[in-house]
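Shown next, in structure tokens, is the structure this report addresses.
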Amino acid sequence: MYFSILFVATNDCVQCDIEYPKFLAASQPFHSDPQIYFGHVTDSELIKSFGVTEYPSIVYYQPGSESPSISDQDHTVEGVITTIAKAMKGDFSRVKREYAAELVEENYDKIVSLPNVYTLILLYKNNEAKEDIAVFEKIAASFRNDFNIVFGKVNAEKEEALRSDFGRKKYPAIYWYSIENKNARKRYGGRLDLVELVSFINEQTNIMRQPGGELEEMAGRVEALDKLVVENVEQIYEGKKLKKLLKTLKNDYSRNELEKYYTYIIENIHSTRSSDFLEEERGEVLKKLSDRVLTPVQMDKLRRKQNILHKFIDEIAMYLINKNGIDTSLGGMEDPSWQDAFSGSFETFDTSKTTKQKKITKHEEL
């Protein structure tokens with residue numbers, strides 16, 4: 001019984017290139033399995049036969065079937081293995097996952113130069129690296145649902161050309177490629193440690209994961225944009241005089257989906273001239289979060305949006321408290337005067353218990 005699973009992409013699809021390393025990592029534990037075949041398809045004529053309308057897509061053939069099916073799972077390691085398990089009706093829970101892609105001379109440059117994607121590389125010697133790789137895989141697993149960071153492993157003994165390029169004699173060595181400058185890699189100077197490197201990645205990327213993969217309480221929030229919300233809270237509440245703020249957001253903060261979500265919120269408040277949109281949007285997000293068929297990636301996106309909405313709502317709540325002179329040390333949010341002062345139905349959220357990991361910046365320019 002044979003099973004084929006294919007990553008379907010087009011040659012000009014940037015998102016395809018960004019998502020492919022996770023498919024590559026998912027394939028690695030199956031290299032010695034003759035029954036499961038992984039493929040990367042870009043041939044336009046072949047793609048037509050799949051009935052694919054979105055790129056990238058993951059297509060598979062059920063055992064014994066000549067008709068392709070399109071996976072509805074995330075394009076992550078877990079999503080790929082879940083697709084295989086469902087199609088083959090088997091238990092793949094014991095399959096050892098790999099979350100860091102093996103990089104070779106042929107794919108290295110393309111992967112580390114991906115636009116808007118951070119890259120962390122482990123350079124190792126295969127005779128000494130078992131424990132090092134295990135720790136690195138735990139770090140990569142913590143960011144298994146994030147496509148804006150790629151984890152790669154380079155076997156320095158097998159990849160002589162890459163070893164020469166790095167010029168290292170001591171192993172393991174860890175290298176960081178930032179979004180801002182792909183040509184200036186940095187060698188990480190700290191320990192190969194799960195907690196330390198997760199903290200370092202969070203500091204560099206604002207992804208905000210905990211070791212193991214859970215989102216931190218402030219995940220999704222952007223410090224600079226939170227500051228703008230605080231500075232413009234009166235205009236946001238009133239839904240007026242927001243043109244200048246919108247111009248700033250569009251000119252300076254449109255690099256990723258989360259920054260654009262702040263702009264989306266302000267645009268809707270501006271167009272409706274009312275901050276009531278926040279409550280409507282919060283309701284929509286909560287409704288979607290209750291959907292039991294959400295994938296892990298979809299769930300994380302909604303939780304990040306929820307955290308951003310909480311910031312807006314909390315700042316408006318504090319603005320109204322201060323505006324109406326409510327003494328929160330006496331009655332707090334439960335005091336009747338608070339209810340009178342705030343006619344909307346916003347819910348407030350306590351962010352005072354949010355933990356912030358220690359910043360780690362141990363790296364050097366090469």
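Labels for the structure tokens follow display order: chains A, B, ..., residues from 1 in each chain, ligands from 1.
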So that I can see what lies close to Leu245 in chain A, please list as a short mmCIF file (atom, residue, chain, number, x, y, z; two decimals) with all heavy atoms, in the first residue's frame the residues with an atom at most 12 Å from it, counting only C-alpha atoms and leaving out residues fewer than 4 positions away in the same chain.
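As written to disk, around_35.cif reads:
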data_model
loop_
_atom_site.label_atom_id
_atom_site.label_comp_id
_atom_site.auth_asym_id
_atom_site.auth_seq_id
_atom_site.Cartn_x
_atom_site.Cartn_y
_atom_site.Cartn_z
N LEU A 225 2.76 50.14 18.46
CA LEU A 225 1.36 50.41 18.11
C LEU A 225 0.50 50.53 19.37
O LEU A 225 -0.45 51.31 19.40
CB LEU A 225 0.84 49.31 17.19
CG LEU A 225 1.50 49.30 15.81
CD1 LEU A 225 0.98 48.15 14.97
CD2 LEU A 225 1.25 50.61 15.08
N LYS A 227 1.52 51.88 22.02
CA LYS A 227 1.81 53.25 22.46
C LYS A 227 0.94 54.25 21.70
O LYS A 227 0.42 55.21 22.28
CB LYS A 227 3.29 53.55 22.25
CG LYS A 227 3.72 54.93 22.77
CD LYS A 227 5.22 55.13 22.58
CE LYS A 227 5.64 56.52 23.08
NZ LYS A 227 7.10 56.75 22.89
N LEU A 228 0.77 54.02 20.40
CA LEU A 228 -0.09 54.92 19.60
C LEU A 228 -1.54 54.84 20.05
O LEU A 228 -2.26 55.84 20.03
CB LEU A 228 0.02 54.55 18.12
CG LEU A 228 1.33 54.92 17.41
CD1 LEU A 228 1.32 54.40 15.99
CD2 LEU A 228 1.54 56.43 17.43
N VAL A 229 -1.98 53.65 20.45
CA VAL A 229 -3.35 53.50 20.96
C VAL A 229 -3.52 54.33 22.23
O VAL A 229 -4.52 55.03 22.40
CB VAL A 229 -3.66 52.01 21.24
CG1 VAL A 229 -5.01 51.88 21.98
CG2 VAL A 229 -3.70 51.22 19.93
N VAL A 230 -2.54 54.26 23.12
CA VAL A 230 -2.60 55.03 24.37
C VAL A 230 -2.62 56.53 24.07
O VAL A 230 -3.42 57.28 24.65
CB VAL A 230 -1.40 54.68 25.28
CG1 VAL A 230 -1.37 55.59 26.50
CG2 VAL A 230 -1.47 53.22 25.71
N GLU A 231 -1.75 56.97 23.17
CA GLU A 231 -1.64 58.39 22.86
C GLU A 231 -2.87 58.95 22.15
O GLU A 231 -3.16 60.15 22.24
CB GLU A 231 -0.40 58.63 21.99
CG GLU A 231 0.92 58.37 22.71
CD GLU A 231 2.11 58.42 21.77
OE1 GLU A 231 1.88 58.46 20.53
OE2 GLU A 231 3.25 58.42 22.26
N ASN A 232 -3.63 58.09 21.48
CA ASN A 232 -4.78 58.55 20.69
C ASN A 232 -6.09 57.98 21.19
O ASN A 232 -7.08 57.91 20.45
CB ASN A 232 -4.59 58.16 19.23
CG ASN A 232 -3.42 58.85 18.57
OD1 ASN A 232 -3.55 59.95 18.04
ND2 ASN A 232 -2.26 58.20 18.58
N VAL A 233 -6.12 57.57 22.46
CA VAL A 233 -7.29 56.86 22.97
C VAL A 233 -8.56 57.71 22.91
O VAL A 233 -9.65 57.20 22.62
CB VAL A 233 -7.03 56.34 24.40
CG1 VAL A 233 -6.83 57.50 25.38
CG2 VAL A 233 -8.17 55.44 24.85
N GLN A 235 -9.40 60.08 20.68
CA GLN A 235 -9.88 60.09 19.30
C GLN A 235 -10.46 58.74 18.90
O GLN A 235 -11.45 58.66 18.17
CB GLN A 235 -8.74 60.46 18.34
CG GLN A 235 -8.20 61.86 18.53
CD GLN A 235 -6.99 61.89 19.45
OE1 GLN A 235 -7.04 61.36 20.56
NE2 GLN A 235 -5.91 62.51 18.98
N ILE A 236 -9.83 57.67 19.39
CA ILE A 236 -10.33 56.33 19.07
C ILE A 236 -11.70 56.12 19.69
O ILE A 236 -12.62 55.60 19.04
CB ILE A 236 -9.33 55.25 19.56
CG1 ILE A 236 -8.04 55.33 18.74
CG2 ILE A 236 -9.93 53.85 19.47
CD1 ILE A 236 -6.91 54.48 19.30
N GLY A 239 -14.12 58.19 17.80
CA GLY A 239 -14.22 57.84 16.39
C GLY A 239 -13.97 59.02 15.47
O GLY A 239 -14.45 59.05 14.33
N LYS A 240 -13.21 60.02 15.95
CA LYS A 240 -12.99 61.24 15.19
C LYS A 240 -11.50 61.60 15.16
O LYS A 240 -10.73 61.14 15.99
CB LYS A 240 -13.78 62.40 15.81
CG LYS A 240 -15.29 62.17 15.86
CD LYS A 240 -15.99 63.30 16.60
CE LYS A 240 -17.49 63.06 16.71
NZ LYS A 240 -18.17 64.13 17.48
N LYS A 241 -11.15 62.45 14.19
CA LYS A 241 -9.78 62.97 14.07
C LYS A 241 -8.74 61.85 14.02
O LYS A 241 -7.71 61.89 14.71
CB LYS A 241 -9.47 63.93 15.23
CG LYS A 241 -10.40 65.13 15.31
CD LYS A 241 -10.06 66.02 16.50
CE LYS A 241 -11.01 67.22 16.57
NZ LYS A 241 -10.69 68.09 17.74
N LEU A 249 -0.01 54.81 10.48
CA LEU A 249 -0.11 53.35 10.47
C LEU A 249 0.19 52.78 9.09
O LEU A 249 0.93 51.80 8.94
CB LEU A 249 -1.50 52.91 10.93
CG LEU A 249 -1.86 53.18 12.40
CD1 LEU A 249 -3.31 52.85 12.65
CD2 LEU A 249 -0.96 52.36 13.32
N LYS A 250 -0.39 53.38 8.07
CA LYS A 250 -0.22 52.86 6.70
C LYS A 250 1.20 53.08 6.18
O LYS A 250 1.72 52.24 5.44
CB LYS A 250 -1.24 53.52 5.78
CG LYS A 250 -2.67 53.09 6.05
CD LYS A 250 -3.67 53.82 5.16
CE LYS A 250 -5.09 53.37 5.44
NZ LYS A 250 -6.09 54.08 4.60
N ASN A 251 1.82 54.18 6.59
CA ASN A 251 3.17 54.48 6.10
C ASN A 251 4.25 53.71 6.83
O ASN A 251 5.25 53.30 6.24
CB ASN A 251 3.46 55.98 6.22
CG ASN A 251 2.66 56.80 5.22
OD1 ASN A 251 2.13 56.28 4.24
ND2 ASN A 251 2.55 58.09 5.48
N ASP A 252 4.06 53.51 8.13
CA ASP A 252 5.14 52.97 8.96
C ASP A 252 4.89 51.57 9.52
O ASP A 252 5.83 50.92 9.99
CB ASP A 252 5.42 53.91 10.14
CG ASP A 252 5.80 55.32 9.68
OD1 ASP A 252 6.29 55.45 8.54
OD2 ASP A 252 5.60 56.27 10.45
N TYR A 253 3.64 51.11 9.48
CA TYR A 253 3.33 49.84 10.14
C TYR A 253 2.43 48.98 9.25
O TYR A 253 1.23 48.83 9.51
CB TYR A 253 2.65 50.08 11.49
CG TYR A 253 3.49 50.87 12.46
CD1 TYR A 253 3.30 52.24 12.61
CD2 TYR A 253 4.49 50.25 13.21
CE1 TYR A 253 4.08 52.97 13.51
CE2 TYR A 253 5.27 50.97 14.10
CZ TYR A 253 5.06 52.33 14.23
OH TYR A 253 5.83 53.03 15.11
N TYR A 262 -4.10 46.31 13.40
CA TYR A 262 -4.29 47.58 14.11
C TYR A 262 -4.91 48.62 13.17
O TYR A 262 -5.85 49.34 13.54
CB TYR A 262 -2.94 48.11 14.62
CG TYR A 262 -2.43 47.51 15.91
CD1 TYR A 262 -1.74 46.31 15.90
CD2 TYR A 262 -2.61 48.16 17.13
CE1 TYR A 262 -1.24 45.76 17.07
CE2 TYR A 262 -2.11 47.63 18.31
CZ TYR A 262 -1.43 46.41 18.27
OH TYR A 262 -0.93 45.88 19.44
N THR A 263 -4.37 48.69 11.95
CA THR A 263 -4.88 49.63 10.95
C THR A 263 -6.33 49.32 10.61
O THR A 263 -7.16 50.23 10.49
CB THR A 263 -4.02 49.59 9.68
OG1 THR A 263 -2.67 49.87 10.02
CG2 THR A 263 -4.50 50.61 8.65
N ILE A 265 -8.59 47.96 12.47
CA ILE A 265 -9.46 48.40 13.56
C ILE A 265 -9.70 49.91 13.50
O ILE A 265 -10.84 50.37 13.57
CB ILE A 265 -8.84 48.01 14.92
CG1 ILE A 265 -8.86 46.49 15.09
CG2 ILE A 265 -9.60 48.68 16.07
CD1 ILE A 265 -8.07 46.01 16.30
N ILE A 266 -8.62 50.66 13.35
CA ILE A 266 -8.74 52.12 13.31
C ILE A 266 -9.54 52.57 12.09
O ILE A 266 -10.37 53.49 12.18
CB ILE A 266 -7.35 52.79 13.29
CG1 ILE A 266 -6.57 52.43 14.57
CG2 ILE A 266 -7.47 54.31 13.17
CD1 ILE A 266 -7.20 52.94 15.84
N GLU A 267 -9.34 51.92 10.96
CA GLU A 267 -10.10 52.27 9.75
C GLU A 267 -11.59 52.09 9.96
O GLU A 267 -12.40 52.94 9.54
CB GLU A 267 -9.64 51.41 8.57
CG GLU A 267 -8.34 51.86 7.93
CD GLU A 267 -7.95 51.01 6.76
OE1 GLU A 267 -8.28 49.80 6.77
OE2 GLU A 267 -7.31 51.52 5.83
N ILE A 269 -13.22 52.06 12.88
CA ILE A 269 -13.69 53.06 13.85
C ILE A 269 -13.85 54.41 13.15
O ILE A 269 -14.83 55.13 13.37
CB ILE A 269 -12.71 53.16 15.03
CG1 ILE A 269 -12.75 51.87 15.86
CG2 ILE A 269 -13.04 54.36 15.92
CD1 ILE A 269 -11.71 51.81 16.95
N HIS A 270 -12.89 54.74 12.28
CA HIS A 270 -12.94 56.01 11.54
C HIS A 270 -14.14 56.06 10.60
O HIS A 270 -14.85 57.08 10.54
CB HIS A 270 -11.65 56.18 10.76
CG HIS A 270 -11.63 57.40 9.89
ND1 HIS A 270 -11.67 58.69 10.40
CD2 HIS A 270 -11.57 57.54 8.53
CE1 HIS A 270 -11.64 59.56 9.41
NE2 HIS A 270 -11.58 58.89 8.26
#
Selection: 6 Å around range 145-151 of chain A, only C-alpha atoms, excl. self and same-chain fewer than 6 positions, as a ChimeraX atom specification: /A:100,117-121,297
A:Asn155, A:Asn202, A:Thr42, A:Ser142 ranked by distance to Glu214 in chain A, top pick (using only C-alpha atoms): A:Ser142
How many Å separate CA of Leu6 in chain A from CA of His40 in chain A?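 CA of Leu6 in chain A sits 5.6 Å away from CA of His40 in chain A.
For the choices A:Pro29, A:Gly79, A:Pro115, A:Gly39, the atom-to-atom distance to Arg97 in chain A is smallest for A:Pro29 when using only C-alpha atoms.
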Top pick for closest residue to His75 in chain A, considering A:Ile18, A:Ala140, A:Cys13, A:Leu162 and counting only C-alpha atoms: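 The shortest atom-to-atom distance to His75 in chain A comes from A:Ile18.
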I need the residues of range 186-316 of chain A that end up classed as alpha helix (DSSP H) by DSSP on the backbone, written out as an NGL selection string. :A and (194-205 or 223-231 or 233-238 or 243-252 or 257-272 or 276-289 or 296-316)
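When the distance limit is 9 Å and only C-alpha atoms are what count, the residues near Pro172 in chain A, minus those fewer than 5 positions from it on the same chain, are Leu122, Leu123, Tyr124, Lys125, Glu128, Ala129, Asp132 and Leu192 of chain A.
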Could you dump the residues just selected with C-alpha atoms as a compact mmCIF listing (two decimals), in the first residue's frame?
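again-v1.txt, freshly written:
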# COMPACT_ATOMS: atom_id res chain seq x y z
CA LEU A 122 22.21 24.96 13.78
CA LEU A 123 25.63 23.98 12.41
CA TYR A 124 26.61 20.59 13.82
CA LYS A 125 28.91 17.59 13.40
CA GLU A 128 28.62 14.59 18.28
CA ALA A 129 25.26 16.18 17.75
CA ASP A 132 22.33 19.30 20.45
CA LEU A 192 22.03 26.01 23.17
Selected residue of minimal separation from Arg163 in chain A among A:Tyr61, A:Tyr108, A:Phe50, A:Tyr177, counting only C-alpha atoms: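 Distance minimum relative to Arg163 in chain A lands on A:Tyr108.
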Strand (DSSP E or B) call set, DSSP backbone run, range 80-218 of chain A, as a list in words: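 The strand (DSSP E or B) residues within range 80-218 of chain A come out as Ala101, Glu102, Tyr118, Thr119, Leu120, Ile121, Leu122, Leu123, Tyr124, Ile149, Val150, Phe151, Gly152, Lys153, Val154, Asn155, Ala173, Ile174, Tyr175, Trp176, Tyr177, Lys186, Arg187, Tyr188, Arg209 and Leu215 of chain A.
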